[in-house]
Amino acid sequence: MSLKDKINPETLPQHIAIIMDGNGRWAKQHGADRIFGHENGVKSVRDTVEAAAEVGVKFLTLYAFSTENWNRPQEEVIALMQLLVHTINAETKTLNKNSIRLQAIGDLKSLPVDCYNELQEAIDNTKNNTRMTLVLALSYSSRWEITNAVKQIAEKIENKTLSVAEINENTINSHLCTANIPDPELMIRTSGENRISNFLLWQLAYTELYFTEKLWPDFRKEDLYLAILNYQTRERRFGKTSEQIV
Ligand code: FPP
């Protein structure tokens, strides 16, 4: 029985989020510069998107570029942006062929204009696809997102379209970039780092975390299946007792 066949479709996470980490270390191991690692990371993106869609995952969020990544050496930032534009451009046809809708979260206005335009075009071209939604987190950080949400809510209080008493969890949810996306049930981070790194802090409240030593450019379909199978062995209690869950 293959790993894929062992996955129970009844308890499949509908949203998986991934921190794709280890491109730089992978490149170093191969005696190449960091961008070579990012280029090879694109193969893993392709494999993971395909695997997730095949097993029936409905949302896949990939942390492609954080707010903090702007502080990397200028040449790496430029190369990463070019790689993003090129990949989005090259993959739109495949996304449509497989009915995958593209979305993006983050401070998108801070992206270089060609990157922003390419992204918006791909989002628009894939908007009617229904099999799976691929969410790219770009120039994203959770603290930026939450700060933004607080500002929007405060403005509504100030102009009296919202009262303090009306604020609840849904108010916060609906002001985040992920307003129309369910919380992830599973979050995967590659490269052996056991951190959340400013990724979906609000949304990960009850998410199962899975850490693997694999560096992102080595991550393949089987690695995604292993993470899903591991998730399926866990008991999700949401603060209740085991007995209450049964
Ligand atoms: C983390 O590795 C990876 C990134 C910051 C970039 C991820 C980008 C890609 C995989 C390329 C394109 C993606 C899409 C969605 C088209 P790192 O550089 O932090 O590695 P290190 O920790 O080993 O230095």
# chains A, B, ... in the order shown; residues from 1 in each chain; ligands from 1
$ closest_atom_pairs --of "chain A" --to "ligand 1" --cutoff "8 Å" --atoms "only C-alpha atoms and all ligand atoms" --output "tab-separated table"
residue	atom	partner	partner_atom_place_in_ligand_line	distance
A:Ile19	CA	ligand 1	1 (C)	7.7
A:Met20	CA	ligand 1	3 (C)	5.4
A:Asp21	CA	ligand 1	1 (C)	3.9
A:Gly22	CA	ligand 1	23 (O)	3.3
A:Asn23	CA	ligand 1	20 (O)	3.9
A:Gly24	CA	ligand 1	23 (O)	3.6
A:Arg25	CA	ligand 1	23 (O)	3.6
A:Trp26	CA	ligand 1	23 (O)	6.3
A:Ala27	CA	ligand 1	23 (O)	7.8
A:Arg34	CA	ligand 1	18 (O)	6.8
A:Gly37	CA	ligand 1	18 (O)	7.4
A:His38	CA	ligand 1	11 (C)	4.8
A:Glu39	CA	ligand 1	11 (C)	6.2
A:Asn40	CA	ligand 1	10 (C)	7.4
A:Gly41	CA	ligand 1	10 (C)	4.0
A:Val42	CA	ligand 1	11 (C)	5.0
A:Ser44	CA	ligand 1	10 (C)	7.3
A:Val45	CA	ligand 1	15 (C)	6.2
A:Leu62	CA	ligand 1	15 (C)	6.4
A:Tyr63	CA	ligand 1	7 (C)	7.0
A:Ala64	CA	ligand 1	7 (C)	4.3
A:Phe65	CA	ligand 1	5 (C)	5.3
A:Ser66	CA	ligand 1	5 (C)	7.1
A:Asn69	CA	ligand 1	5 (C)	6.6
A:Leu80	CA	ligand 1	11 (C)	6.7
A:Leu83	CA	ligand 1	12 (C)	6.1
A:Leu84	CA	ligand 1	16 (C)	4.8
A:Val85	CA	ligand 1	16 (C)	7.8
A:Thr87	CA	ligand 1	16 (C)	5.2
A:Ile88	CA	ligand 1	16 (C)	6.2
A:Leu136	CA	ligand 1	15 (C)	6.1
A:Ser191	CA	ligand 1	23 (O)	7.3
A:Leu215	CA	ligand 1	23 (O)	7.5
A:Trp216	CA	ligand 1	2 (O)	7.3
A:Pro217	CA	ligand 1	10 (C)	7.5
$ closest_atom_pairs --of "segment 203-242 of chain A" --to "segment 162-183 of chain A" --cutoff "12 Å" --atoms "only C-alpha atoms" --output "Markdown table"
| residue | atom | partner | partner_atom | distance |
| --- | --- | --- | --- | --- |
| A:Gln203 | CA | A:Asp183 | CA | 5.2 |
| A:Leu204 | CA | A:Asp183 | CA | 6.8 |
| A:Ala205 | CA | A:Asp183 | CA | 8.6 |
| A:Tyr206 | CA | A:Asp183 | CA | 8.5 |
| A:Thr207 | CA | A:Asp183 | CA | 7.7 |
| A:Glu208 | CA | A:Asp183 | CA | 11.0 |
$ residues_around --residues "segment 11-14 of chain A" --least-positions-apart "4" --cutoff "12 Å" --atoms "only C-alpha atoms" --output "PyMOL selection string"
chain A and resi 4+6-7+52-61+131-134+181-187+207-208+224-225+227-236
$ residues_around --residues "segment 108-112 of chain A" --least-positions-apart "3" --cutoff "10 Å" --atoms "only C-alpha atoms" --output "PyMOL selection string"
chain A and resi 67+70+78+81-82+85+104-105+115-117+119-120+137-140
$ write_last_selection --atoms "all heavy atoms" --output "short mmCIF file (atom, residue, chain, number, x, y, z; two decimals), in the first residue's frame"
data_model
loop_
_atom_site.label_atom_id
_atom_site.label_comp_id
_atom_site.auth_asym_id
_atom_site.auth_seq_id
_atom_site.Cartn_x
_atom_site.Cartn_y
_atom_site.Cartn_z
N THR A 67 7.75 39.64 5.70
CA THR A 67 8.05 41.07 5.83
C THR A 67 9.55 41.23 6.16
O THR A 67 10.21 42.12 5.64
CB THR A 67 7.20 41.67 6.98
OG1 THR A 67 5.86 41.25 6.80
CG2 THR A 67 7.26 43.16 7.01
N TRP A 70 12.66 41.24 3.50
CA TRP A 70 13.12 42.44 2.77
C TRP A 70 14.51 42.84 3.24
O TRP A 70 15.23 43.54 2.54
CB TRP A 70 12.15 43.61 2.97
CG TRP A 70 10.83 43.45 2.29
CD1 TRP A 70 9.62 43.31 2.91
CD2 TRP A 70 10.56 43.42 0.88
NE1 TRP A 70 8.61 43.18 1.97
CE2 TRP A 70 9.17 43.25 0.71
CE3 TRP A 70 11.36 43.51 -0.26
CZ2 TRP A 70 8.55 43.18 -0.53
CZ3 TRP A 70 10.75 43.45 -1.51
CH2 TRP A 70 9.37 43.28 -1.63
N ILE A 78 16.00 40.70 -4.99
CA ILE A 78 15.68 40.91 -6.41
C ILE A 78 15.51 39.57 -7.11
O ILE A 78 14.54 39.34 -7.84
CB ILE A 78 16.77 41.78 -7.09
CG1 ILE A 78 16.73 43.20 -6.52
CG2 ILE A 78 16.59 41.81 -8.61
CD1 ILE A 78 17.86 44.10 -6.97
N MET A 81 12.24 37.90 -6.14
CA MET A 81 11.09 38.55 -6.79
C MET A 81 10.99 38.13 -8.26
O MET A 81 9.91 37.83 -8.76
CB MET A 81 11.19 40.08 -6.69
CG MET A 81 10.96 40.60 -5.30
SD MET A 81 9.29 40.18 -4.72
CE MET A 81 9.59 39.91 -2.99
N GLN A 82 12.15 38.07 -8.93
CA GLN A 82 12.16 37.65 -10.35
C GLN A 82 11.68 36.21 -10.46
O GLN A 82 10.92 35.85 -11.36
CB GLN A 82 13.57 37.78 -10.94
CG GLN A 82 13.91 39.21 -11.30
CD GLN A 82 15.37 39.41 -11.67
OE1 GLN A 82 16.19 38.52 -11.48
NE2 GLN A 82 15.71 40.58 -12.18
N VAL A 85 7.87 36.14 -10.05
CA VAL A 85 7.19 36.61 -11.26
C VAL A 85 7.24 35.52 -12.33
O VAL A 85 6.23 35.15 -12.93
CB VAL A 85 7.83 37.91 -11.81
CG1 VAL A 85 7.23 38.31 -13.14
CG2 VAL A 85 7.65 39.04 -10.82
N ALA A 104 -3.44 35.52 -2.64
CA ALA A 104 -2.22 35.96 -1.95
C ALA A 104 -2.60 36.74 -0.70
O ALA A 104 -3.62 37.44 -0.68
CB ALA A 104 -1.38 36.84 -2.88
N ILE A 105 -1.79 36.59 0.35
CA ILE A 105 -1.99 37.36 1.57
C ILE A 105 -0.69 38.09 1.89
O ILE A 105 0.39 37.60 1.58
CB ILE A 105 -2.41 36.48 2.77
CG1 ILE A 105 -1.41 35.33 3.02
CG2 ILE A 105 -3.82 35.93 2.58
CD1 ILE A 105 -1.65 34.55 4.31
N CYS A 115 5.88 42.42 -10.19
CA CYS A 115 5.51 41.26 -9.40
C CYS A 115 4.04 41.37 -8.98
O CYS A 115 3.25 40.42 -9.11
CB CYS A 115 6.43 41.19 -8.19
SG CYS A 115 6.30 39.68 -7.27
N TYR A 116 3.66 42.57 -8.51
CA TYR A 116 2.29 42.82 -8.08
C TYR A 116 1.32 42.62 -9.25
O TYR A 116 0.29 41.94 -9.11
CB TYR A 116 2.19 44.26 -7.53
CG TYR A 116 0.79 44.63 -7.10
CD1 TYR A 116 0.30 44.27 -5.85
CD2 TYR A 116 -0.06 45.35 -7.96
CE1 TYR A 116 -0.99 44.59 -5.46
CE2 TYR A 116 -1.34 45.67 -7.58
CZ TYR A 116 -1.80 45.30 -6.33
OH TYR A 116 -3.09 45.61 -5.96
N ASN A 117 1.67 43.17 -10.42
CA ASN A 117 0.78 43.06 -11.59
C ASN A 117 0.63 41.62 -12.05
O ASN A 117 -0.46 41.16 -12.36
CB ASN A 117 1.30 43.93 -12.75
CG ASN A 117 1.14 45.41 -12.43
OD1 ASN A 117 0.35 45.79 -11.57
ND2 ASN A 117 1.91 46.24 -13.12
N LEU A 119 1.01 38.97 -10.30
CA LEU A 119 0.26 38.25 -9.27
C LEU A 119 -1.24 38.51 -9.43
O LEU A 119 -2.06 37.57 -9.45
CB LEU A 119 0.75 38.73 -7.90
CG LEU A 119 0.17 38.06 -6.68
CD1 LEU A 119 0.62 36.61 -6.61
CD2 LEU A 119 0.60 38.79 -5.41
N GLN A 120 -1.61 39.80 -9.58
CA GLN A 120 -3.03 40.15 -9.70
C GLN A 120 -3.64 39.51 -10.94
O GLN A 120 -4.78 39.06 -10.93
CB GLN A 120 -3.22 41.68 -9.73
CG GLN A 120 -2.94 42.37 -8.41
CD GLN A 120 -3.78 41.84 -7.24
OE1 GLN A 120 -4.83 41.26 -7.42
NE2 GLN A 120 -3.27 42.02 -6.04
N ALA A 137 1.73 33.48 0.73
CA ALA A 137 1.98 34.54 1.71
C ALA A 137 3.21 35.30 1.24
O ALA A 137 4.31 34.75 1.20
CB ALA A 137 2.19 33.94 3.09
N LEU A 138 2.99 36.56 0.84
CA LEU A 138 4.04 37.36 0.22
C LEU A 138 4.16 38.70 0.92
O LEU A 138 3.16 39.40 1.07
CB LEU A 138 3.67 37.62 -1.25
CG LEU A 138 3.85 36.45 -2.21
CD1 LEU A 138 3.21 36.77 -3.55
CD2 LEU A 138 5.32 36.13 -2.39
N SER A 139 5.36 39.04 1.31
CA SER A 139 5.57 40.22 2.13
C SER A 139 4.58 40.16 3.29
O SER A 139 3.89 41.13 3.61
CB SER A 139 5.38 41.51 1.32
OG SER A 139 5.85 42.60 2.05
N TYR A 140 4.49 38.98 3.87
CA TYR A 140 3.52 38.71 4.92
C TYR A 140 4.22 38.57 6.27
O TYR A 140 5.30 37.96 6.36
CB TYR A 140 2.76 37.40 4.62
CG TYR A 140 1.87 36.98 5.77
CD1 TYR A 140 0.57 37.46 5.86
CD2 TYR A 140 2.34 36.14 6.79
CE1 TYR A 140 -0.24 37.11 6.94
CE2 TYR A 140 1.54 35.79 7.86
CZ TYR A 140 0.25 36.27 7.92
OH TYR A 140 -0.55 35.93 8.99
#
$ atom_distance --atom1 "atom CA of Asn96 of chain A" --atom2 "atom CA of Asn129 of chain A"
6.9 Å
$ residues_around --residues "Phe211 of chain A" --least-positions-apart "5" --cutoff "7 Å" --atoms "only C-alpha atoms" --output "MDAnalysis selection string"
chainID A and resid 188:190 192 194
$ select_by_dssp --residues "segment 46-136 of chain A" --states "strand (DSSP E or B)" --output "NGL selection string"
:A and (59-66 or 100-105 or 132-136)
$ atom_distance --atom1 "atom CA of Asp107 of chain A" --atom2 "atom CA of Phe36 of chain A"
25.8 Å
$ atom_distance --atom1 "atom CA of Val49 of chain A" --atom2 "atom CA of Asp5 of chain A"
17.7 Å
$ select_by_dssp --residues "chain A" --states "helix (DSSP H, G or I)" --output "PyMOL selection string"
chain A and resi 3-6+9-11+23-29+34-55+67-71+74-97+108-110+113-125+142-158+164-166+169-174+216-218+221-231+242-245
